[in-house]
Structures are given as structure tokens and as C-alpha cells.
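Novice: Attaching a single structure in C-alpha cells format; questions to follow.
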Amino acid sequence: MGPAWSETVVTLITEFGRTARINGTAGTDHGTATVALLLGGALKGGCVLADWPGVGESSLHEKRDLRPTIDLRAVLKGLLRDHLRVDERVLAADIFPGSEDVRPIEGLVG
């Protein structure tokens, strides 16, 4: 990508979470929590943002799923606001309607 890399952010997000326990089809698909991977030269990078609750029974969502700890809208709001300069009111009203209480994550973009 050459010089464009320094201005690039790539976001990989799935809503296809995993369970921490075997489910009814003998798999670990269709869970609640997921992962987001961010890469690109415009990011501060070099870190993992997480609040790992563990996989003990008391830490699981509905006693089977990894517990979501970060709202993905907060990640995307932070990127869109800081990298593309999207106004926070537009983020809350138009892009993620009803998300006024979800604060953008700070400091993702360098």
C-alpha cells in the first residue's frame, strides 16, 4: 500500500461468537462474545484491549458463553470519530441509533 498505509485502518469484526462449553450440536458456535481485530498504520497499535472475565462457570454469560466486555459500537465510534472525523451526534443518532450512552473508545488512532 506504500505511503497510504500510514493513513489506513482495517477493521475485522464478526458477530459470530463462540461458546465456552459444547453446545447442542457438539460444537462451540453461536456464542455471544466475539473479537475485533484492528490493523493499519493510522493506529497507535501494539496493544490488546480486553477485560478478560475468564471461563469459570460464574464468569460465563448464561453459563455457556464468553461474556462480552466491550461494546463493539464503542470501538467503531472511536475509530469513526478520530480517524474519519464523524461527529459524535451523527454516530449516536444515525450510524448507531440509540447508542447515546455508548462512549467512543479513546486513543485508538495515532
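Just so we're on the same page: first chain in the C-alpha cells is A, next is B, and so on; residues restart at 1 for each chain, and ligands are numbered from 1 in the order they show up.
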Leaving out Gly56 in chain A and any residue of its chain fewer than 6 positions from it, which residues lie within 10 Å of it when counting only C-alpha atoms, given as a list in words?
Specialist: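 My list of contacting residues is Ala20, Lys63, Arg64 and Leu66 of chain A.
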Novice: With C-alpha atoms retained, could you export that selection as a compact mmCIF listing (two decimals), in the first residue's frame?
Specialist:
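File produced: result-v8.txt:
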# COMPACT_ATOMS: atom_id res chain seq x y z
CA ALA A 20 -17.02 -21.88 26.22
CA LYS A 63 -23.39 -20.38 31.97
CA ARG A 64 -22.08 -21.24 28.49
CA LEU A 66 -17.83 -15.98 26.84
Novice: Quick one: residues within 8 Å of Trp52 in chain A, only C-alpha atoms counted, chain neighbours fewer than 2 positions away excluded, as a list in words?
Specialist: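 The residues satisfying every condition are Ala50, Gly54 and Thr69 of chain A.
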Novice: Restrict the selected residues to C-alpha atoms and save them as a PDB file, in the first residue's frame.
Specialist:
ATOM      1  CA  ALA A  50      -9.780  -6.543  26.925  1.00  0.00           C
ATOM      2  CA  GLY A  54     -12.313 -15.959  32.422  1.00  0.00           C
ATOM      3  CA  THR A  69     -16.871  -6.949  27.980  1.00  0.00           C
TER       4      THR A  69
END
Novice: Distance CA of Pro97 in chain A-CA of Ala74 in chain A, one decimal place?
Specialist: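 Taking CA of Pro97 in chain A as the start and CA of Ala74 in chain A as the end point, the length is 12.8 Å.
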Novice: Smallest atom-to-atom distance to Glu62 in chain A: which of A:Leu12, A:Val102, A:Leu43, A:Ala33, using only C-alpha atoms?
Specialist: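 With only C-alpha atoms as the atom set, the closest residue is A:Ala33.
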Novice: Select, from A:Leu49, A:Val86, A:Val55, A:Val109, the residue with the minimum atom-to-atom distance to Arg18 in chain A, counting only C-alpha atoms.
Specialist: A:Val55
Novice: How many Å separate CA of Ser6 in chain A from CA of Gly40 in chain A?
Specialist: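 The value is 7.0 Å.
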Novice: From the options A:Arg21, A:Arg103, A:His30, A:Arg85, which residue's atoms come nearest to Asp71 in chain A, counting only C-alpha atoms?
Specialist: A:Arg103
Novice: Select, from A:Gly107, A:Pro3, A:Gly17, A:Gly46, the residue with the minimum atom-to-atom distance to Pro68 in chain A, counting only C-alpha atoms.
Specialist: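 Smallest distance to Pro68 in chain A is found for A:Gly17.
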